[in-house]
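Student: So that you have it, the file is upload26.cif, and it contains mmCIF, N, CA and C atoms:
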data_entry
loop_
_atom_site.group_PDB
_atom_site.id
_atom_site.type_symbol
_atom_site.label_atom_id
_atom_site.label_comp_id
_atom_site.auth_asym_id
_atom_site.auth_seq_id
_atom_site.Cartn_x
_atom_site.Cartn_y
_atom_site.Cartn_z
ATOM 1 N N MET A 1421 9.845 -20.332 7.596
ATOM 2 C CA MET A 1421 9.065 -21.517 7.278
ATOM 3 C C MET A 1421 8.774 -21.528 5.786
ATOM 4 N N ALA A 1422 9.044 -22.613 5.130
ATOM 5 C CA ALA A 1422 8.833 -22.741 3.686
ATOM 6 C C ALA A 1422 7.369 -23.013 3.390
ATOM 7 N N ASP A 1423 6.907 -22.516 2.246
ATOM 8 C CA ASP A 1423 5.555 -22.812 1.802
ATOM 9 C C ASP A 1423 5.490 -24.265 1.383
ATOM 10 N N THR A 1424 4.483 -24.961 1.877
ATOM 11 C CA THR A 1424 4.300 -26.355 1.481
ATOM 12 C C THR A 1424 2.887 -26.536 0.982
ATOM 13 N N HIS A 1425 2.681 -27.621 0.275
ATOM 14 C CA HIS A 1425 1.377 -27.924 -0.289
ATOM 15 C C HIS A 1425 1.105 -29.393 -0.081
ATOM 16 N N GLY A 1426 -0.091 -29.725 0.279
ATOM 17 C CA GLY A 1426 -0.456 -31.120 0.444
ATOM 18 C C GLY A 1426 -0.790 -31.428 1.888
ATOM 19 N N SER A 1427 -0.760 -32.712 2.222
ATOM 20 C CA SER A 1427 -1.125 -33.141 3.563
ATOM 21 C C SER A 1427 0.007 -32.860 4.540
ATOM 22 N N ALA A 1428 -0.269 -33.086 5.799
ATOM 23 C CA ALA A 1428 0.741 -32.857 6.835
ATOM 24 C C ALA A 1428 1.928 -33.795 6.651
ATOM 25 N N ASP A 1429 1.711 -34.947 6.007
ATOM 26 C CA ASP A 1429 2.794 -35.911 5.802
ATOM 27 C C ASP A 1429 3.704 -35.520 4.651
ATOM 28 N N SER A 1430 3.257 -34.643 3.771
ATOM 29 C CA SER A 1430 4.054 -34.284 2.604
ATOM 30 C C SER A 1430 4.806 -32.995 2.888
ATOM 31 N N ASP A 1431 6.065 -32.966 2.493
ATOM 32 C CA ASP A 1431 6.899 -31.780 2.675
ATOM 33 C C ASP A 1431 7.361 -31.275 1.326
ATOM 34 N N PHE A 1432 6.420 -30.921 0.465
ATOM 35 C CA PHE A 1432 6.715 -30.442 -0.881
ATOM 36 C C PHE A 1432 6.997 -28.949 -0.804
ATOM 37 N N ASP A 1433 8.224 -28.562 -1.084
ATOM 38 C CA ASP A 1433 8.664 -27.177 -0.968
ATOM 39 C C ASP A 1433 8.390 -26.420 -2.263
ATOM 40 N N LEU A 1434 7.483 -25.444 -2.205
ATOM 41 C CA LEU A 1434 7.114 -24.668 -3.387
ATOM 42 C C LEU A 1434 8.094 -23.543 -3.680
ATOM 43 N N THR A 1435 8.964 -23.218 -2.752
ATOM 44 C CA THR A 1435 9.880 -22.090 -2.959
ATOM 45 C C THR A 1435 10.817 -22.320 -4.135
ATOM 46 N N GLN A 1436 11.030 -23.562 -4.520
ATOM 47 C CA GLN A 1436 11.897 -23.855 -5.657
ATOM 48 C C GLN A 1436 11.322 -23.326 -6.973
ATOM 49 N N PHE A 1437 10.037 -23.040 -7.002
ATOM 50 C CA PHE A 1437 9.382 -22.579 -8.219
ATOM 51 C C PHE A 1437 9.239 -21.057 -8.294
ATOM 52 N N TYR A 1438 9.543 -20.354 -7.219
ATOM 53 C CA TYR A 1438 9.356 -18.904 -7.183
ATOM 54 C C TYR A 1438 10.124 -18.191 -8.280
ATOM 55 N N GLN A 1439 11.404 -18.491 -8.410
ATOM 56 C CA GLN A 1439 12.237 -17.773 -9.379
ATOM 57 C C GLN A 1439 11.734 -17.982 -10.805
ATOM 58 N N VAL A 1440 11.358 -19.204 -11.137
ATOM 59 C CA VAL A 1440 10.837 -19.494 -12.474
ATOM 60 C C VAL A 1440 9.547 -18.709 -12.712
ATOM 61 N N PHE A 1441 8.665 -18.696 -11.713
ATOM 62 C CA PHE A 1441 7.408 -17.953 -11.858
ATOM 63 C C PHE A 1441 7.676 -16.471 -12.097
ATOM 64 N N PHE A 1442 8.555 -15.876 -11.284
ATOM 65 C CA PHE A 1442 8.818 -14.443 -11.419
ATOM 66 C C PHE A 1442 9.461 -14.112 -12.757
ATOM 67 N N GLU A 1443 10.342 -14.973 -13.254
ATOM 68 C CA GLU A 1443 10.956 -14.735 -14.563
ATOM 69 C C GLU A 1443 9.917 -14.807 -15.678
ATOM 70 N N GLU A 1444 9.077 -15.836 -15.644
ATOM 71 C CA GLU A 1444 8.048 -15.985 -16.674
ATOM 72 C C GLU A 1444 7.012 -14.865 -16.588
ATOM 73 N N ALA A 1445 6.653 -14.457 -15.379
ATOM 74 C CA ALA A 1445 5.693 -13.366 -15.217
ATOM 75 C C ALA A 1445 6.266 -12.073 -15.783
ATOM 76 N N ALA A 1446 7.541 -11.813 -15.520
ATOM 77 C CA ALA A 1446 8.176 -10.597 -16.041
ATOM 78 C C ALA A 1446 8.197 -10.611 -17.568
ATOM 79 N N GLU A 1447 8.497 -11.765 -18.164
ATOM 80 C CA GLU A 1447 8.491 -11.880 -19.628
ATOM 81 C C GLU A 1447 7.094 -11.617 -20.190
ATOM 82 N N ASN A 1448 6.080 -12.175 -19.545
ATOM 83 C CA ASN A 1448 4.700 -11.965 -20.007
ATOM 84 C C ASN A 1448 4.274 -10.515 -19.845
ATOM 85 N N ILE A 1449 4.685 -9.885 -18.766
ATOM 86 C CA ILE A 1449 4.347 -8.472 -18.563
ATOM 87 C C ILE A 1449 5.033 -7.614 -19.617
ATOM 88 N N ASP A 1450 6.307 -7.903 -19.905
ATOM 89 C CA ASP A 1450 7.021 -7.164 -20.954
ATOM 90 C C ASP A 1450 6.344 -7.326 -22.307
ATOM 91 N N GLN A 1451 5.952 -8.561 -22.613
ATOM 92 C CA GLN A 1451 5.285 -8.828 -23.891
ATOM 93 C C GLN A 1451 3.942 -8.107 -23.963
ATOM 94 N N MET A 1452 3.184 -8.138 -22.876
ATOM 95 C CA MET A 1452 1.892 -7.457 -22.854
ATOM 96 C C MET A 1452 2.076 -5.946 -22.982
ATOM 97 N N GLU A 1453 3.094 -5.422 -22.342
ATOM 98 C CA GLU A 1453 3.372 -3.990 -22.436
ATOM 99 C C GLU A 1453 3.674 -3.581 -23.876
ATOM 100 N N GLN A 1454 4.489 -4.371 -24.571
ATOM 101 C CA GLN A 1454 4.802 -4.065 -25.969
ATOM 102 C C GLN A 1454 3.552 -4.149 -26.843
ATOM 103 N N MET A 1455 2.709 -5.128 -26.584
ATOM 104 C CA MET A 1455 1.462 -5.246 -27.342
ATOM 105 C C MET A 1455 0.572 -4.020 -27.119
ATOM 106 N N LEU A 1456 0.514 -3.547 -25.877
ATOM 107 C CA LEU A 1456 -0.299 -2.371 -25.572
ATOM 108 C C LEU A 1456 0.268 -1.111 -26.220
ATOM 109 N N ILE A 1457 1.580 -0.977 -26.197
ATOM 110 C CA ILE A 1457 2.228 0.188 -26.812
ATOM 111 C C ILE A 1457 1.955 0.216 -28.311
ATOM 112 N N ASN A 1458 1.987 -0.946 -28.950
ATOM 113 C CA ASN A 1458 1.811 -1.037 -30.397
ATOM 114 C C ASN A 1458 0.344 -1.109 -30.837
ATOM 115 N N LEU A 1459 -0.571 -1.153 -29.887
ATOM 116 C CA LEU A 1459 -1.985 -1.319 -30.198
ATOM 117 C C LEU A 1459 -2.566 -0.047 -30.821
ATOM 118 N N ASP A 1460 -3.230 -0.221 -31.941
ATOM 119 C CA ASP A 1460 -3.968 0.867 -32.588
ATOM 120 C C ASP A 1460 -5.446 0.625 -32.310
ATOM 121 N N LEU A 1461 -6.018 1.412 -31.420
ATOM 122 C CA LEU A 1461 -7.398 1.185 -30.998
ATOM 123 C C LEU A 1461 -8.406 1.298 -32.132
ATOM 124 N N THR A 1462 -8.055 2.031 -33.174
ATOM 125 C CA THR A 1462 -8.994 2.178 -34.287
ATOM 126 C C THR A 1462 -8.966 0.982 -35.219
ATOM 127 N N GLN A 1463 -7.884 0.183 -35.165
ATOM 128 C CA GLN A 1463 -7.767 -0.951 -36.075
ATOM 129 C C GLN A 1463 -7.306 -2.223 -35.367
ATOM 130 N N SER A 1464 -7.637 -2.386 -34.107
ATOM 131 C CA SER A 1464 -7.189 -3.575 -33.385
ATOM 132 C C SER A 1464 -7.963 -4.811 -33.859
ATOM 133 N N THR A 1465 -7.286 -5.936 -33.808
ATOM 134 C CA THR A 1465 -7.905 -7.198 -34.213
ATOM 135 C C THR A 1465 -8.122 -8.077 -32.985
ATOM 136 N N ASP A 1466 -8.961 -9.073 -33.171
ATOM 137 C CA ASP A 1466 -9.202 -10.022 -32.082
ATOM 138 C C ASP A 1466 -7.904 -10.731 -31.694
ATOM 139 N N ASP A 1467 -7.062 -11.033 -32.674
ATOM 140 C CA ASP A 1467 -5.800 -11.722 -32.385
ATOM 141 C C ASP A 1467 -4.905 -10.892 -31.475
ATOM 142 N N GLU A 1468 -4.850 -9.592 -31.710
ATOM 143 C CA GLU A 1468 -4.031 -8.716 -30.869
ATOM 144 C C GLU A 1468 -4.564 -8.683 -29.432
ATOM 145 N N LEU A 1469 -5.861 -8.533 -29.304
ATOM 146 C CA LEU A 1469 -6.465 -8.477 -27.979
ATOM 147 C C LEU A 1469 -6.353 -9.821 -27.260
ATOM 148 N N ASN A 1470 -6.580 -10.898 -27.978
ATOM 149 C CA ASN A 1470 -6.454 -12.226 -27.384
ATOM 150 C C ASN A 1470 -5.025 -12.501 -26.937
ATOM 151 N N GLY A 1471 -4.041 -11.980 -27.670
ATOM 152 C CA GLY A 1471 -2.639 -12.147 -27.279
ATOM 153 C C GLY A 1471 -2.362 -11.522 -25.922
ATOM 154 N N MET A 1472 -2.934 -10.353 -25.686
ATOM 155 C CA MET A 1472 -2.750 -9.703 -24.384
ATOM 156 C C MET A 1472 -3.435 -10.492 -23.276
ATOM 157 N N PHE A 1473 -4.625 -10.994 -23.553
ATOM 158 C CA PHE A 1473 -5.324 -11.804 -22.557
ATOM 159 C C PHE A 1473 -4.566 -13.095 -22.260
ATOM 160 N N ARG A 1474 -3.936 -13.683 -23.283
ATOM 161 C CA ARG A 1474 -3.144 -14.902 -23.071
ATOM 162 C C ARG A 1474 -1.979 -14.632 -22.130
ATOM 163 N N CYS A 1475 -1.340 -13.488 -22.282
ATOM 164 C CA CYS A 1475 -0.233 -13.133 -21.386
ATOM 165 C C CYS A 1475 -0.730 -13.040 -19.945
ATOM 166 N N GLY A 1476 -1.841 -12.358 -19.751
ATOM 167 C CA GLY A 1476 -2.404 -12.232 -18.406
ATOM 168 C C GLY A 1476 -2.829 -13.570 -17.846
ATOM 169 N N ARG A 1477 -3.418 -14.386 -18.684
ATOM 170 C CA ARG A 1477 -3.861 -15.715 -18.261
ATOM 171 C C ARG A 1477 -2.672 -16.595 -17.878
ATOM 172 N N SER A 1478 -1.574 -16.473 -18.609
ATOM 173 C CA SER A 1478 -0.369 -17.254 -18.288
ATOM 174 C C SER A 1478 0.169 -16.886 -16.909
ATOM 175 N N ILE A 1479 0.140 -15.602 -16.592
ATOM 176 C CA ILE A 1479 0.588 -15.161 -15.271
ATOM 177 C C ILE A 1479 -0.341 -15.718 -14.206
ATOM 178 N N ASN A 1480 -1.636 -15.637 -14.459
ATOM 179 C CA ASN A 1480 -2.631 -16.146 -13.507
ATOM 180 C C ASN A 1480 -2.453 -17.646 -13.285
ATOM 181 N N GLU A 1481 -2.290 -18.396 -14.347
ATOM 182 C CA GLU A 1481 -2.138 -19.847 -14.220
ATOM 183 C C GLU A 1481 -0.846 -20.202 -13.502
ATOM 184 N N GLY A 1482 0.216 -19.453 -13.789
ATOM 185 C CA GLY A 1482 1.489 -19.724 -13.125
ATOM 186 C C GLY A 1482 1.435 -19.456 -11.629
ATOM 187 N N SER A 1483 0.609 -18.522 -11.225
ATOM 188 C CA SER A 1483 0.515 -18.194 -9.812
ATOM 189 C C SER A 1483 -0.213 -19.269 -9.020
ATOM 190 N N ALA A 1484 -1.013 -20.063 -9.716
ATOM 191 C CA ALA A 1484 -1.750 -21.132 -9.025
ATOM 192 C C ALA A 1484 -0.778 -22.175 -8.551
#
When written as structure tokens, how does the structure in this file appear?

Tutor:
Amino acid sequence: MADTHGSADSDFDLTQFYQVFFEEAAENIDQMEQMLINLDLTQSTDDELNGMFRCGRSINEGSA
């Protein structure tokens, strides 16, 4: 059974978006991982930390 969204009359298939979500999530995870590896805790900036949060937020928003 395919995942659908909406009323009983609507047959909107969400499975078409799975592959795009997983690809984008993997890219964001890779980017966040590189940011964490390169992070210097003694000299981190707000921009660096916000960049990591943006990656996580993008994954969260995409999952909705």

Student: Report the distance between atom N of Glu1444 (chain A) and CA of Ser1483 (chain A) in Å, rounded to one decimal place.

Tutor: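 Separation of atom N of Glu1444 (chain A) and CA of Ser1483 (chain A): 10.6 Å.
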
Student: At what distance in Å, to one decimal, does atom C of Phe1432 (chain A) lie from atom C of Cys1475 (chain A)?

Tutor: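 If I compute the distance from atom C of Cys1475 (chain A) to atom C of Phe1432 (chain A), I get 26.1 Å.
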
Student: Using DSSP on the backbone coordinates, identify all residues within chain A classified as alpha helix (DSSP H); present the result as a ChimeraX atom specification.

Tutor: /A:1438-1458,1466-1483

Student: One decimal, Å: what's the distance from atom C of Asn1458 (chain A) over to CA of Gly1476 (chain A), could you say?

Tutor: 16.9 Å

Student: Determine, counting all atoms listed in the file, which protein, DNA and RNA residues have an atom within 8 Å of an atom of Asn1448 (chain A); residues of the same chain fewer than 6 positions away are not included. Present the result as a ChimeraX atom specification.

Tutor: /A:1442,1454,1474-1476,1478-1479

Student: Run DSSP on the backbone and give me the residues of chain A it puts in strand (DSSP E or B), as a PDB file with N, CA and C atoms, in the coordinates of the input.

Tutor:
ATOM      1  N   THR A1424       4.483 -24.961   1.877  1.00  0.00           N
ATOM      2  CA  THR A1424       4.300 -26.355   1.481  1.00  0.00           C
ATOM      3  C   THR A1424       2.887 -26.536   0.982  1.00  0.00           C
ATOM      4  N   HIS A1425       2.681 -27.621   0.275  1.00  0.00           N
ATOM      5  CA  HIS A1425       1.377 -27.924  -0.289  1.00  0.00           C
ATOM      6  C   HIS A1425       1.105 -29.393  -0.081  1.00  0.00           C
ATOM      7  N   PHE A1432       6.420 -30.921   0.465  1.00  0.00           N
ATOM      8  CA  PHE A1432       6.715 -30.442  -0.881  1.00  0.00           C
ATOM      9  C   PHE A1432       6.997 -28.949  -0.804  1.00  0.00           C
ATOM     10  N   ASP A1433       8.224 -28.562  -1.084  1.00  0.00           N
ATOM     11  CA  ASP A1433       8.664 -27.177  -0.968  1.00  0.00           C
ATOM     12  C   ASP A1433       8.390 -26.420  -2.263  1.00  0.00           C
TER      13      ASP A1433
END
